[in-house]
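First comes the structure, then the notes that go with it.
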Amino acid sequence: MKKLIALLMSMLLLVAVFVPSLAEEQIVIKLSCAASEQEKISCEQTVARFEEKYPNVKVEAEYYAGLSWDEIIQKQLVEFAAGTQADVVYIAIEGTHLMVEYDLFQPITDLIEANKDYFAEVPQSAFDAFKVGDEYYEVPFNCNDMAIAYNTEMFDEIGVKPGKWTAQEYLEALGKIDAKYNTPETPVTEKVWGTVIGETPYLWMAAFGTSVLNEDWTASNMKDPAVREVLQYLYDMVHVYGYAPVREANTDDTALFCSGRVASIFTGPFVLSSFNANNFKTWNMAIAPRGSEKGRAAYGVGGLGMMATCEHREEAFNLMKEFCSLETSMTQAREATSLPLFESAANSPEFLSHCENMNVFYDELPEAIKLPSPVCYAELNMIMKDMMNNIMTKTLTIDEAIEKADAEIAEAFAEFGY
Amino acid sequence: MASTAKKKRQVGMFTTKKDDLVGWLFTAPALICFISFVLLPTLAMIGLSFTKYKMLRPPEWIGLDNYVRLFTKDAKLIKVAMNTIKLSTVSVLISIFIGLVLALLITSRKNGLYSYVIRLFYFFPNIVAASFIAIVWSILFSKDTGVVNYYLHRLFGMQPVGFLTDQRYALWSVVFIDVWRNIGFIMFILLAGIRSISDSYYEAAALDGASSLQIATHVTIPLLTPSILLVMVIQIIGALKTFDIPNIMTEGGPNDATRTMAMYVYDMAFTRMSMGYACCVSVIFVVAIMLVTVLQFSLSNKWVHYD
């Protein structure tokens, strides 16, 4: 009897050890994704949909929030250096060139070409953001082109209905806001501001048809007279006309806008959900003012790239496709966390009902200019922040700040052998 | 009996091999942690300081190039080093002075509840995360939207002061917050020091008819100097490593007026990806901290009085 029990136990043990290995092998794809609490829910739904479609693939997702793009790029680089990188990584246009420079991403042009029909509704400009040389490296996941959000009550009060406007007309509108809500005796700390200047000048550079970098993002363009013109325009807005406060490290544009302290801000769709969260209803969108005929809106795209070390190429790409799907676009449309990439979602009542001119985002996208995102983006961003800070705090003159930034950009590119 | 046992354990000069082994086993966890997390990283840092290292590419040996750059070409580093020295010196001196005054005042009060409330009040900033402190103070200090400027205008008709945007004031604003944050901790250490002073000194001073001020300056403070030295060493090392508050409040601006050495090393390592150069700056920084500490201890013979 004892022998029989021992035999049965041994057989059970063998079954326990070998049966799982006989079952279909489960593929694990590691995903690293920046997402706010709201976006995380949408991402988890996307992952759940994917796992349902592909039961043999398990997604191990890591979500994190509260990091700027340079910090996200740093995180990915450090993880790669430590050998703990994911297979699929969420990186916006800001980090693509660096990831490619270090051979961290593998090209996915063939996979994108093979799925042309699937991506038919997605604007080509979203894919172009991730093209380095002749290859595509990411599948777009979300998109933000920049426009002006304005307080409808305030603009109605001054009788301005923003439409296609020039930078000069925008300035005049801010002048009317200033005259309406402030007097010469109003203390600075109680003023109603026309706008807040961003910590970097990229959006205004695009609005004036120029850029801080040359066209292929390999050198500085700071000596372009149009760059100086933009910086002068922004400086005047703060120090000559007093329509904008001096920006500080923790200036919160959205909070100032929602509290009625600021009449308009430059923003993309990603901020709009926080208007709702603050129960702020009296807002509308207008296209980015143009400083010249070449002026355009600027846009950035977030996407998913496949790490060079990813072994399950097809499964990883299927996951990337799921993130760039009509379902995900519709969630983005409903929640206004991004410009939906699928045209039908961008033109859906769910998205367009957020405000009267919600269409400006999708309408502007085909002509919009990519945010400058060179291989040394983190350095560039730091240089630009310093430059704006030095100009706006009157620490340096515009010409001194341009000179300094130009030299620093050249040094940053030199580090990469440009 | 005990002597026999002791003799059995002692072989040669000190102990038996068995005792050695036990000793090593007891110290092994601490030793392993020290080697893994302090010694090896420090050696790696020194080694990497002689390389060009971008983290994702293998380090490339460049000899003393980083050190040459540091001492001859890096003008920004001088400014950053000066900021760090100013911040740590002024902040520590003021913090210790205020902490000492508060400790003396609290000791002179007999009301227990009063002392308790005051101690709690001053210690509170020390238990709040630095990031919260930085964000709250940057909102308060904002030039155009801040509460401090609002009241300065309301009460005194003053024009807004760029506490964080004017390079004349930005560093001192950081110093102010550092002092505000640290005085509670210093006060506590000094209070403990005061309480460890023997009552006989005070009794003798009282018999001699010394006033409160005389007792403080001739008895309490001289006998408190070991505690002051301790606080000074801890605070100076901490202040030299200041990173979080200026990084959140000003990001090092305007024009690097609030950038500290720790921020500079971080920027070099993780923003500019120049890990080799960051290691080089760190080596010099560590050596500087060691020198300052050695200097503090060697000078302490002249002003620290041990009971």
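Chain labels run A, B, ... following the order of the structure tokens; each chain numbers its residues from 1, and ligands are numbered from 1 in the order shown.
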
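Using only C-alpha atoms, the chain B residues found within 6 Å of chain A amount to Leu56, Asp144, Thr145, Tyr150, Thr165, Met249, Thr250, Pro254, Asn255, Thr271 and Arg272 of chain B.
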
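Residues with any atom within 8 Å of Leu341 (chain A), counting only C-alpha atoms and excluding same-chain neighbours fewer than 4 positions away, are Glu121, Val122, Pro123, Ala126, Pro140, Phe141, Asn142, Cys143, Cys324, Ser329, Ala345 and Ala346 of chain A.
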
File of the preceding selection, C-alpha atoms, as a PDB file, in the first residue's frame:
ATOM      1  CA  GLU A 121      -7.251  57.276 -40.681  1.00  0.00           C
ATOM      2  CA  VAL A 122      -4.129  58.451 -38.858  1.00  0.00           C
ATOM      3  CA  PRO A 123      -2.563  61.664 -40.233  1.00  0.00           C
ATOM      4  CA  ALA A 126       1.822  61.900 -36.764  1.00  0.00           C
ATOM      5  CA  PRO A 140       1.794  57.367 -32.665  1.00  0.00           C
ATOM      6  CA  PHE A 141      -0.408  57.105 -29.608  1.00  0.00           C
ATOM      7  CA  ASN A 142      -1.489  60.661 -28.896  1.00  0.00           C
ATOM      8  CA  CYS A 143      -1.001  64.052 -30.449  1.00  0.00           C
ATOM      9  CA  CYS A 324      -3.192  53.466 -31.833  1.00  0.00           C
ATOM     10  CA  SER A 329      -8.935  57.478 -29.981  1.00  0.00           C
ATOM     11  CA  ALA A 345     -12.739  60.182 -33.514  1.00  0.00           C
ATOM     12  CA  ALA A 346     -11.352  63.704 -33.982  1.00  0.00           C
TER      13      ALA A 346
END

Those of region 45-231 of chain B in DSSP alpha helix (DSSP H), formatted as a PyMOL selection string: chain B and resi 45-48+65-72+75-108+112-127+130-141+147-156+170-195+199-207+212-215+221-231

Take the selection from the previous step and output its residues with C-alpha atoms, as a short mmCIF file (atom, residue, chain, number, x, y, z; two decimals), in the first residue's frame.
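After the write, selection_35.cif holds the following:
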data_model
loop_
_atom_site.label_atom_id
_atom_site.label_comp_id
_atom_site.auth_asym_id
_atom_site.auth_seq_id
_atom_site.Cartn_x
_atom_site.Cartn_y
_atom_site.Cartn_z
CA MET B 45 33.32 57.25 -9.40
CA ILE B 46 37.06 57.88 -9.17
CA GLY B 47 37.74 55.53 -12.07
CA LEU B 48 34.99 57.01 -14.26
CA ASP B 65 41.08 65.74 -19.58
CA ASN B 66 38.06 66.07 -17.30
CA TYR B 67 40.20 67.56 -14.52
CA VAL B 68 41.86 69.97 -16.96
CA ARG B 69 38.42 71.07 -18.16
CA LEU B 70 37.21 71.44 -14.57
CA PHE B 71 40.10 73.62 -13.44
CA THR B 72 40.67 75.65 -16.60
CA ALA B 75 33.54 79.06 -15.70
CA LYS B 76 30.05 77.98 -14.65
CA LEU B 77 31.50 75.68 -12.02
CA ILE B 78 33.12 78.61 -10.20
CA LYS B 79 29.79 80.39 -9.97
CA VAL B 80 28.08 77.21 -8.81
CA ALA B 81 30.80 76.55 -6.22
CA MET B 82 30.52 80.12 -4.91
CA ASN B 83 26.73 79.75 -4.60
CA THR B 84 27.19 76.55 -2.64
CA ILE B 85 29.78 78.08 -0.32
CA LYS B 86 27.64 81.18 0.30
CA LEU B 87 24.52 79.11 0.88
CA SER B 88 26.14 76.65 3.25
CA THR B 89 28.12 79.20 5.26
CA VAL B 90 25.40 81.80 5.73
CA SER B 91 22.60 79.30 6.18
CA VAL B 92 24.49 77.26 8.80
CA LEU B 93 25.74 80.25 10.78
CA ILE B 94 22.33 81.90 10.94
CA SER B 95 20.57 78.60 11.68
CA ILE B 96 22.94 77.82 14.56
CA PHE B 97 22.64 81.32 15.98
CA ILE B 98 18.83 81.29 15.93
CA GLY B 99 18.70 77.66 17.08
CA LEU B 100 20.97 78.52 20.00
CA VAL B 101 18.93 81.56 21.00
CA LEU B 102 15.73 79.53 20.87
CA ALA B 103 17.28 76.70 22.90
CA LEU B 104 18.43 79.18 25.57
CA LEU B 105 15.02 80.87 25.66
CA ILE B 106 13.19 77.58 26.00
CA THR B 107 15.53 76.42 28.76
CA SER B 108 14.97 79.63 30.69
CA GLY B 112 6.33 73.02 30.29
CA LEU B 113 3.37 73.48 27.95
CA TYR B 114 4.86 76.67 26.52
CA SER B 115 8.19 74.93 25.85
CA TYR B 116 6.43 71.98 24.29
CA VAL B 117 4.35 74.13 21.92
CA ILE B 118 7.35 76.25 20.92
CA ARG B 119 9.49 73.16 20.26
CA LEU B 120 6.73 71.61 18.16
CA PHE B 121 6.22 74.86 16.25
CA TYR B 122 9.87 75.22 15.32
CA PHE B 123 10.49 71.55 14.63
CA PHE B 124 7.48 71.19 12.34
CA PRO B 125 9.21 72.36 9.08
CA ASN B 126 11.80 69.64 9.65
CA ILE B 127 9.28 66.84 9.27
CA ALA B 130 11.41 69.38 1.11
CA SER B 131 9.40 69.26 -2.13
CA PHE B 132 6.26 70.51 -0.34
CA ILE B 133 8.25 73.24 1.35
CA ALA B 134 9.72 74.33 -1.97
CA ILE B 135 6.38 74.44 -3.77
CA VAL B 136 4.57 76.27 -0.96
CA TRP B 137 7.33 78.86 -0.58
CA SER B 138 7.60 79.40 -4.31
CA ILE B 139 3.89 80.16 -4.40
CA LEU B 140 4.25 82.53 -1.43
CA PHE B 141 7.34 84.21 -2.91
CA VAL B 147 1.05 86.32 -1.09
CA VAL B 148 4.23 87.84 0.38
CA ASN B 149 4.38 90.51 -2.31
CA TYR B 150 0.65 91.07 -1.95
CA TYR B 151 1.03 91.95 1.73
CA LEU B 152 4.25 93.90 1.18
CA HIS B 153 2.25 96.09 -1.19
CA ARG B 154 -0.85 96.26 0.99
CA LEU B 155 0.98 97.03 4.22
CA PHE B 156 4.00 99.00 3.05
CA ALA B 170 17.14 84.49 -5.28
CA LEU B 171 19.97 82.79 -3.38
CA TRP B 172 19.08 84.59 -0.17
CA SER B 173 15.49 83.44 -0.51
CA VAL B 174 16.77 79.87 -0.65
CA VAL B 175 18.98 80.57 2.38
CA PHE B 176 15.96 81.95 4.25
CA ILE B 177 13.96 78.77 3.60
CA ASP B 178 16.91 76.61 4.55
CA VAL B 179 17.27 78.47 7.85
CA TRP B 180 13.53 78.29 8.53
CA ARG B 181 13.62 74.57 7.88
CA ASN B 182 16.68 73.76 9.97
CA ILE B 183 16.42 75.82 13.13
CA GLY B 184 14.02 73.37 14.77
CA PHE B 185 16.45 70.47 14.40
CA ILE B 186 19.39 72.55 15.65
CA MET B 187 17.34 73.81 18.57
CA PHE B 188 16.58 70.22 19.59
CA ILE B 189 20.20 69.10 19.50
CA LEU B 190 21.30 72.14 21.48
CA LEU B 191 18.48 71.68 23.99
CA ALA B 192 19.70 68.14 24.62
CA GLY B 193 23.22 69.56 25.02
CA ILE B 194 22.04 72.16 27.54
CA ARG B 195 20.21 69.51 29.57
CA ASP B 199 23.54 71.59 37.54
CA SER B 200 26.58 72.17 39.78
CA TYR B 201 27.92 74.75 37.30
CA TYR B 202 24.69 76.72 37.48
CA GLU B 203 24.56 76.45 41.26
CA ALA B 204 28.10 77.75 41.51
CA ALA B 205 27.33 80.60 39.10
CA ALA B 206 24.19 81.49 41.06
CA LEU B 207 26.17 81.55 44.33
CA SER B 212 21.15 85.08 33.29
CA LEU B 213 23.14 86.61 30.47
CA GLN B 214 26.42 85.90 32.23
CA ILE B 215 25.38 82.33 32.90
CA ILE B 221 27.55 78.36 25.64
CA PRO B 222 31.14 77.27 26.42
CA LEU B 223 29.89 73.89 27.71
CA LEU B 224 27.62 73.60 24.71
CA THR B 225 30.42 73.94 22.17
CA PRO B 226 30.73 70.14 21.59
CA SER B 227 27.05 70.09 20.57
CA ILE B 228 27.55 73.20 18.44
CA LEU B 229 30.46 71.50 16.67
CA LEU B 230 28.34 68.43 16.02
CA VAL B 231 25.50 70.53 14.61
#
